[in-house]
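File shown here: work20.cif, holding mmCIF, C-alpha atoms and all ligand atoms.
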```
data_query
loop_
_atom_site.label_atom_id
_atom_site.label_comp_id
_atom_site.auth_asym_id
_atom_site.auth_seq_id
_atom_site.Cartn_x
_atom_site.Cartn_y
_atom_site.Cartn_z
CA MET A 1 6.23 -9.33 4.71
CA GLY A 2 5.74 -12.53 6.67
CA PRO A 3 3.98 -14.07 9.64
CA PRO A 4 4.68 -12.91 13.19
CA GLY A 5 7.94 -14.44 14.37
CA ALA A 6 9.47 -14.73 10.90
CA GLY A 7 12.06 -12.13 11.87
CA LYS A 8 10.87 -9.26 9.68
CA GLY A 9 11.98 -6.67 12.21
CA THR A 10 15.41 -8.22 12.75
CA GLN A 11 16.15 -8.43 9.03
CA ALA A 12 14.62 -5.00 8.35
CA GLU A 13 16.99 -3.38 10.87
CA ILE A 14 20.02 -4.97 9.15
CA LEU A 15 18.82 -4.15 5.63
CA SER A 16 17.87 -0.55 6.45
CA ARG A 17 21.41 0.05 7.75
CA ARG A 18 22.92 -1.60 4.67
CA LEU A 19 20.68 0.41 2.32
CA GLY A 20 20.96 3.69 4.24
CA VAL A 21 17.19 4.17 4.51
CA PRO A 22 14.94 4.31 7.60
CA HIS A 23 13.27 1.16 8.93
CA VAL A 24 9.56 2.01 9.21
CA SER A 25 7.89 -0.63 11.39
CA THR A 26 4.19 -0.12 12.09
CA GLY A 27 4.42 -2.41 15.11
CA ASP A 28 7.23 -0.30 16.58
CA LEU A 29 5.35 2.92 15.79
CA PHE A 30 2.24 1.62 17.55
CA ARG A 31 4.25 0.43 20.57
CA ASP A 32 5.87 3.88 20.79
CA HIS A 33 2.43 5.56 20.77
CA VAL A 34 1.15 3.10 23.38
CA GLY A 35 4.21 3.74 25.56
CA ARG A 36 3.75 7.54 25.29
CA ARG A 37 -0.03 7.19 25.91
CA THR A 38 -0.85 9.37 22.89
CA PRO A 39 -4.50 9.41 21.69
CA LEU A 40 -3.44 7.03 18.86
CA GLY A 41 -1.66 4.83 21.41
CA ARG A 42 -4.72 4.60 23.64
CA GLU A 43 -6.83 3.66 20.61
CA ALA A 44 -4.33 1.08 19.31
CA ALA A 45 -3.45 -0.59 22.63
CA ARG A 46 -6.44 -2.93 22.79
CA PHE A 47 -5.82 -4.15 19.23
CA LEU A 48 -2.16 -4.89 19.96
CA ASP A 49 -2.98 -6.71 23.20
CA ALA A 50 -5.54 -8.88 21.37
CA GLY A 51 -3.29 -9.54 18.39
CA GLU A 52 -5.87 -7.88 16.16
CA LEU A 53 -4.92 -5.46 13.37
CA VAL A 54 -5.43 -1.78 14.17
CA PRO A 55 -8.07 -0.36 11.77
CA ASP A 56 -6.72 0.39 8.29
CA ARG A 57 -7.41 4.14 8.28
CA VAL A 58 -5.63 4.71 11.60
CA THR A 59 -2.67 2.64 10.42
CA THR A 60 -2.48 4.21 6.98
CA ASP A 61 -2.67 7.77 8.37
CA MET A 62 0.19 6.93 10.76
CA VAL A 63 2.32 5.52 7.91
CA ARG A 64 1.54 8.45 5.60
CA HIS A 65 2.65 10.88 8.30
CA ARG A 66 5.83 8.87 8.96
CA LEU A 67 6.79 8.79 5.27
CA GLU A 68 6.41 12.57 5.09
CA GLN A 69 9.36 12.93 7.49
CA PRO A 70 12.54 14.22 5.81
CA ASP A 71 14.56 11.05 6.55
CA ALA A 72 12.18 9.05 4.31
CA ALA A 73 12.62 11.35 1.29
CA ARG A 74 15.26 9.13 -0.32
CA GLY A 75 13.58 5.84 0.39
CA PHE A 76 12.44 3.62 3.27
CA LEU A 77 11.99 0.02 4.25
CA LEU A 78 8.45 -0.88 5.36
CA ASP A 79 8.11 -3.59 8.02
CA GLY A 80 4.63 -4.87 8.88
CA PHE A 81 2.85 -2.66 6.35
CA PRO A 82 0.78 -3.19 4.29
CA ARG A 83 -0.95 -5.96 6.22
CA THR A 84 -4.33 -5.85 4.42
CA VAL A 85 -5.35 -5.41 0.79
CA ARG A 86 -6.96 -2.05 1.70
CA GLN A 87 -3.61 -0.91 3.16
CA ALA A 88 -1.85 -2.07 -0.02
CA HIS A 89 -4.17 0.10 -2.10
CA ALA A 90 -3.60 3.04 0.24
CA LEU A 91 0.17 2.55 -0.04
CA SER A 92 -0.09 2.56 -3.86
CA ALA A 93 -1.87 5.93 -3.63
CA ILE A 94 0.78 7.31 -1.25
CA LEU A 95 3.61 6.15 -3.52
CA SER A 96 2.05 7.40 -6.75
CA ALA A 97 1.43 10.81 -5.12
CA ARG A 98 5.21 10.85 -4.48
CA GLY A 99 5.95 9.67 -8.01
CA GLU A 100 7.48 6.51 -6.54
CA ALA A 101 6.96 2.74 -6.70
CA LEU A 102 8.17 -0.13 -4.54
CA ASP A 103 11.48 -1.67 -5.61
CA ALA A 104 10.86 -5.07 -4.09
CA VAL A 105 8.79 -7.00 -1.57
CA VAL A 106 10.43 -9.68 0.59
CA GLU A 107 8.23 -12.48 1.92
CA PHE A 108 9.77 -14.37 4.87
CA THR A 109 8.44 -17.88 5.41
CA ALA A 110 8.96 -20.40 8.24
CA PRO A 111 7.01 -23.35 9.73
CA GLU A 112 4.40 -22.23 12.29
CA GLU A 113 6.04 -24.18 15.15
CA VAL A 114 9.31 -22.31 14.54
CA LEU A 115 7.38 -19.01 14.65
CA VAL A 116 5.52 -19.88 17.87
CA ARG A 117 8.74 -21.00 19.59
CA ARG A 118 10.51 -17.76 18.63
CA LEU A 119 7.65 -15.55 19.80
CA LEU A 120 7.34 -17.35 23.12
CA ALA A 121 11.08 -16.73 23.58
CA ARG A 122 10.71 -13.06 22.53
CA GLY A 123 8.28 -12.47 25.40
CA ARG A 124 6.58 -9.23 24.38
CA PRO A 125 3.26 -8.53 26.15
CA ASP A 126 1.42 -9.77 23.00
CA ASP A 127 3.57 -12.93 22.83
CA THR A 128 1.33 -15.24 24.87
CA GLU A 129 0.56 -18.57 23.15
CA ASP A 130 -3.11 -17.87 22.46
CA VAL A 131 -2.44 -14.36 21.10
CA ILE A 132 0.46 -15.74 19.05
CA ARG A 133 -1.79 -18.36 17.46
CA HIS A 134 -4.45 -15.72 16.84
CA ARG A 135 -1.92 -13.45 15.13
CA GLN A 136 -0.93 -16.33 12.85
CA ARG A 137 -4.57 -16.77 11.84
CA VAL A 138 -4.94 -13.00 11.29
CA HIS A 139 -1.83 -13.12 9.09
CA HIS A 140 -3.22 -15.93 6.92
CA ARG A 141 -6.64 -14.29 6.65
CA GLU A 142 -5.64 -10.67 6.10
CA THR A 143 -2.02 -10.48 4.96
CA VAL A 144 -1.37 -13.47 2.71
CA PRO A 145 -3.85 -12.04 0.13
CA VAL A 146 -1.69 -8.89 -0.04
CA LEU A 147 1.07 -10.91 -1.75
CA GLY A 148 -1.17 -11.21 -4.82
CA HIS A 149 -1.15 -7.40 -4.99
CA TYR A 150 2.64 -7.52 -5.48
CA SER A 151 2.95 -10.75 -7.43
CA GLY A 152 5.74 -9.59 -9.76
CA LEU A 153 7.80 -7.95 -7.02
CA VAL A 154 7.83 -10.65 -4.35
CA ARG A 155 11.07 -12.42 -3.36
CA THR A 156 10.46 -15.31 -1.00
CA VAL A 157 13.12 -16.04 1.63
CA GLU A 158 13.11 -19.03 3.98
CA ALA A 159 13.47 -17.52 7.44
CA VAL A 160 15.00 -20.59 9.12
CA GLY A 161 18.59 -20.67 10.39
CA THR A 162 20.82 -18.01 11.90
CA VAL A 163 20.18 -14.27 11.47
CA GLU A 164 23.32 -14.06 9.32
CA GLU A 165 22.23 -16.93 7.05
CA ILE A 166 18.80 -15.33 6.54
CA THR A 167 20.39 -11.93 5.83
CA ALA A 168 22.68 -13.51 3.21
CA ARG A 169 19.67 -15.23 1.60
CA THR A 170 17.73 -11.94 1.60
CA LEU A 171 20.56 -9.90 0.06
CA SER A 172 20.94 -12.56 -2.62
CA ALA A 173 17.18 -12.59 -3.31
CA LEU A 174 17.34 -8.80 -3.73
CA GLY A 175 20.37 -9.03 -6.00
CA LEU A 176 22.47 -7.08 -3.49
CA PRO A 177 26.10 -8.11 -2.91
CA GLU A 178 27.05 -9.31 0.57
CA GLY A 179 28.30 -6.56 2.87
CA VAL A 180 26.92 -3.82 0.63
CA SER A 181 26.62 -0.46 2.32
CA THR A 182 25.28 2.45 0.31
CA ARG A 183 25.36 5.01 3.15
N1 LIG B 1 -0.02 -2.82 9.23
C1 LIG B 1 -0.69 -2.97 10.39
N2 LIG B 1 -2.04 -2.84 10.43
C2 LIG B 1 -2.72 -2.97 11.59
N3 LIG B 1 -2.15 -3.28 12.78
C3 LIG B 1 -0.80 -3.43 12.79
C4 LIG B 1 -0.01 -3.28 11.61
N4 LIG B 1 1.29 -3.50 11.94
C5 LIG B 1 1.31 -3.78 13.27
N5 LIG B 1 0.07 -3.74 13.78
C6 LIG B 1 -0.32 -3.98 15.19
O1 LIG B 1 0.87 -4.10 15.96
C7 LIG B 1 1.00 -5.45 16.48
C8 LIG B 1 2.45 -5.87 16.45
O2 LIG B 1 2.90 -5.85 15.10
P1 LIG B 1 4.41 -6.33 14.77
O3 LIG B 1 5.37 -5.64 15.67
O4 LIG B 1 4.59 -6.23 13.30
O5 LIG B 1 4.40 -7.81 15.28
P2 LIG B 1 4.36 -9.21 14.58
O6 LIG B 1 4.90 -9.08 13.19
O7 LIG B 1 5.17 -10.03 15.51
O8 LIG B 1 2.91 -9.55 14.59
C9 LIG B 1 0.10 -6.29 15.58
O9 LIG B 1 -0.34 -7.46 16.27
C10 LIG B 1 -1.05 -5.31 15.33
O10 LIG B 1 -1.88 -5.24 16.48
#
```
Would you put the structure from the file into structure tokens?
Ligand SMILES: Nc1ncnc2c1ncn2[C@@H]1O[C@H](COP(=O)(O)OP(=O)(O)O)[C@@H](O)[C@H]1O
Amino acid sequence: MGPPGAGKGTQAEILSRRLGVPHVSTGDLFRDHVGRRTPLGREAARFLDAGELVPDRVTTDMVRHRLEQPDAARGFLLDGFPRTVRQAHALSAILSARGEALDAVVEFTAPEEVLVRRLLARGRPDDTEDVIRHRQRVHHRETVPVLGHYSGLVRTVEAVGTVEEITARTLSALGLPEGVSTR
């Protein structure tokens, strides 16, 4: 978890390779649907462009379907989900139906000016300054309360510095040795 620009996706890619589980990013899934002009993509596009969250039911159904894929049978790394308390409750229901529970939640933190600078440099269509600022506000309003849902599981990692430094901090926060690969 973490605000836009904290580097969730970058770290999730590295960790999913190290852990040998798929990286499930709701942002990437939505962008794929938008790019393929699927019915879901056409519905989600205006939310992405505005930096608004796609409605919970649409998002949760998409995640539920993704986690039913065979590659997610042994585990997965969720990036950008849950982003609301309602999504967190839906995820609990999905996991308990599978007889599973989350192992850990990583919260990436960084000063807002660092986040804004990174997103402006990233240059995605939804990375314009006003949409970036709006997404930060959406994060504080909708997603920060989700952390309370996972209070015992949350490891907070300062997402400032090089990618490698942040990865090392994250592995340490998760109690995983450096360079671990469980493929
Ligand atoms: N869990 C979610 N619930 C609703 N909308 C989402 C969710 N995850 C991603 N999105 C949509 O996709 C956009 C991009 O998400 P993401 O790639 O995680 O970017 P960032 O973390 O930089 O905001 C969000 O602004 C939102 O419109």
- Message: I want to know what sits within 12 Å of Gly51 in chain A, based on all atoms listed in the file, with residues of the same chain fewer than 2 positions away left out; could you give that as a PyMOL selection string?
- Response: chain A and resi 4+27+44-49+53-54+124-139
Proximity check range 80-155 of chain A to range 161-164 of chain A, 12 Å, nearest pairs one decimal Å, all atoms listed in the file, as CSV:
```
residue,atom,partner,partner_atom,distance
A:Thr109,CA,A:Gly161,CA,11.6
A:Ala110,CA,A:Gly161,CA,9.9
A:Pro111,CA,A:Gly161,CA,11.9
A:Val114,CA,A:Gly161,CA,10.3
A:Arg118,CA,A:Gly161,CA,11.9
```
Put those residues in a file: C-alpha atoms, as a CSV table (one decimal), in the frame of the given file.
```csv
chain,number,residue,atom,x,y,z
A,109,THR,CA,8.4,-17.9,5.4
A,110,ALA,CA,9.0,-20.4,8.2
A,111,PRO,CA,7.0,-23.4,9.7
A,114,VAL,CA,9.3,-22.3,14.5
A,118,ARG,CA,10.5,-17.8,18.6
```
- Message: Quick one: residues within 7 Å of Gly5 in chain A, all atoms listed in the file, excluding same-chain residues fewer than 5 positions away - as a VMD selection string?
- Response: chain A and resid 115 to 116 118 to 119
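Look at range 151-156 of chain A: the protein and nucleic acid residues within 7 Å of it, using all atoms listed in the file and passing over chain neighbours fewer than 4 places away, are Ala104, Val105, Val106, Glu107, Phe108, Leu147 and Ala173 of chain A.
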Would you output that residue set with C-alpha atoms, as a PDB file, in the frame of the given file?
```
ATOM      1  CA  ALA A 104      10.860  -5.070  -4.090  1.00  0.00           C
ATOM      2  CA  VAL A 105       8.790  -7.000  -1.570  1.00  0.00           C
ATOM      3  CA  VAL A 106      10.430  -9.680   0.590  1.00  0.00           C
ATOM      4  CA  GLU A 107       8.230 -12.480   1.920  1.00  0.00           C
ATOM      5  CA  PHE A 108       9.770 -14.370   4.870  1.00  0.00           C
ATOM      6  CA  LEU A 147       1.070 -10.910  -1.750  1.00  0.00           C
ATOM      7  CA  ALA A 173      17.180 -12.590  -3.310  1.00  0.00           C
TER       8      ALA A 173
END
```
- Message: Taking (13.2, 0.7, 2.3) as a centre in this file's frame and 7 Å as the limit, can you find every polymer residue with an atom that close, using only C-alpha atoms, and give them as a ChimeraX atom specification?
- Response: /A:16,21-23,75-78
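Counting all atoms listed in the file, Thr84 in chain A has the following residues at most 7 Å away, ignoring those fewer than 6 positions along the same chain: Glu142, Thr143 and Val146 of chain A.
Distances from A:Ala50, A:Ile14, A:Val24, A:Ala88 to Pro145 in chain A were compared using all atoms listed in the file, and the smallest one belongs to A:Ala88.
The space between atom O4 of ligand LIG 1 (chain B) and CA of His89 in chain A spans 18.8 Å.
Minimum atom-to-atom distance to ligand LIG 1 (chain B), evaluated using only C-alpha atoms and all ligand atoms, belongs to A:Glu52 out of A:Asp61, A:Glu52, A:Glu112, A:Glu165.
Atom to atom, CA of His65 in chain A and atom C2 of ligand LIG 1 (chain B) stand 15.2 Å apart.
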Incomplete range 168-179 of chain A filled out to all heavy atoms as a tab-separated table (two decimals), keeping the file's coordinate frame:
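What ended up in selection-v1.tsv:
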```
chain	number	residue	atom	x	y	z
A	168	ALA	N	21.96	-13.19	4.46
A	168	ALA	CA	22.68	-13.51	3.21
A	168	ALA	C	21.67	-13.93	2.14
A	168	ALA	O	21.74	-13.49	0.99
A	168	ALA	CB	23.71	-14.61	3.46
A	169	ARG	N	20.70	-14.77	2.55
A	169	ARG	CA	19.67	-15.23	1.60
A	169	ARG	C	18.86	-14.04	1.08
A	169	ARG	O	18.52	-13.95	-0.09
A	169	ARG	CB	18.71	-16.19	2.32
A	169	ARG	CG	18.92	-17.63	2.00
A	169	ARG	CD	17.95	-18.49	2.79
A	169	ARG	NE	18.70	-19.40	3.65
A	169	ARG	CZ	18.35	-19.74	4.88
A	169	ARG	NH1	17.24	-19.26	5.42
A	169	ARG	NH2	19.11	-20.54	5.59
A	170	THR	N	18.57	-13.09	1.98
A	170	THR	CA	17.73	-11.94	1.60
A	170	THR	C	18.48	-11.03	0.63
A	170	THR	O	17.94	-10.61	-0.39
A	170	THR	CB	17.32	-11.14	2.86
A	170	THR	OG1	16.73	-12.04	3.81
A	170	THR	CG2	16.32	-10.05	2.50
A	171	LEU	N	19.76	-10.76	0.96
A	171	LEU	CA	20.56	-9.90	0.06
A	171	LEU	C	20.65	-10.54	-1.32
A	171	LEU	O	20.49	-9.87	-2.34
A	171	LEU	CB	21.95	-9.69	0.65
A	171	LEU	CG	22.02	-8.80	1.89
A	171	LEU	CD1	23.42	-8.86	2.51
A	171	LEU	CD2	21.64	-7.37	1.55
A	172	SER	N	20.83	-11.86	-1.34
A	172	SER	CA	20.94	-12.56	-2.62
A	172	SER	C	19.62	-12.48	-3.38
A	172	SER	O	19.59	-12.17	-4.57
A	172	SER	CB	21.32	-14.02	-2.33
A	172	SER	OG	21.04	-14.81	-3.44
A	173	ALA	N	18.50	-12.66	-2.66
A	173	ALA	CA	17.18	-12.59	-3.31
A	173	ALA	C	16.92	-11.20	-3.89
A	173	ALA	O	16.21	-11.04	-4.88
A	173	ALA	CB	16.09	-12.94	-2.29
A	174	LEU	N	17.53	-10.18	-3.26
A	174	LEU	CA	17.34	-8.80	-3.73
A	174	LEU	C	18.40	-8.40	-4.75
A	174	LEU	O	18.45	-7.27	-5.22
A	174	LEU	CB	17.38	-7.83	-2.53
A	174	LEU	CG	16.19	-7.92	-1.57
A	174	LEU	CD1	16.45	-7.09	-0.31
A	174	LEU	CD2	14.91	-7.43	-2.26
A	175	GLY	N	19.32	-9.34	-5.02
A	175	GLY	CA	20.37	-9.03	-6.00
A	175	GLY	C	21.38	-8.04	-5.46
A	175	GLY	O	22.03	-7.31	-6.20
A	176	LEU	N	21.50	-7.99	-4.11
A	176	LEU	CA	22.47	-7.08	-3.49
A	176	LEU	C	23.68	-7.89	-3.07
A	176	LEU	O	23.54	-8.96	-2.51
A	176	LEU	CB	21.84	-6.41	-2.26
A	176	LEU	CG	20.69	-5.45	-2.55
A	176	LEU	CD1	20.01	-5.03	-1.25
A	176	LEU	CD2	21.20	-4.22	-3.29
A	177	PRO	N	24.89	-7.37	-3.34
A	177	PRO	CA	26.10	-8.11	-2.91
A	177	PRO	C	26.18	-8.17	-1.39
A	177	PRO	O	25.69	-7.28	-0.70
A	177	PRO	CB	27.24	-7.28	-3.51
A	177	PRO	CG	26.67	-5.92	-3.77
A	177	PRO	CD	25.20	-6.11	-4.00
A	178	GLU	N	26.83	-9.20	-0.87
A	178	GLU	CA	27.05	-9.31	0.57
A	178	GLU	C	27.79	-8.08	1.06
A	178	GLU	O	28.64	-7.54	0.34
A	178	GLU	CB	27.96	-10.54	0.85
A	178	GLU	CG	27.24	-11.86	0.79
A	178	GLU	CD	26.60	-12.19	2.14
A	178	GLU	OE1	27.09	-11.73	3.17
A	178	GLU	OE2	25.58	-12.90	2.12
A	179	GLY	N	27.47	-7.62	2.27
A	179	GLY	CA	28.30	-6.56	2.87
A	179	GLY	C	28.14	-5.23	2.18
A	179	GLY	O	28.88	-4.31	2.39
```
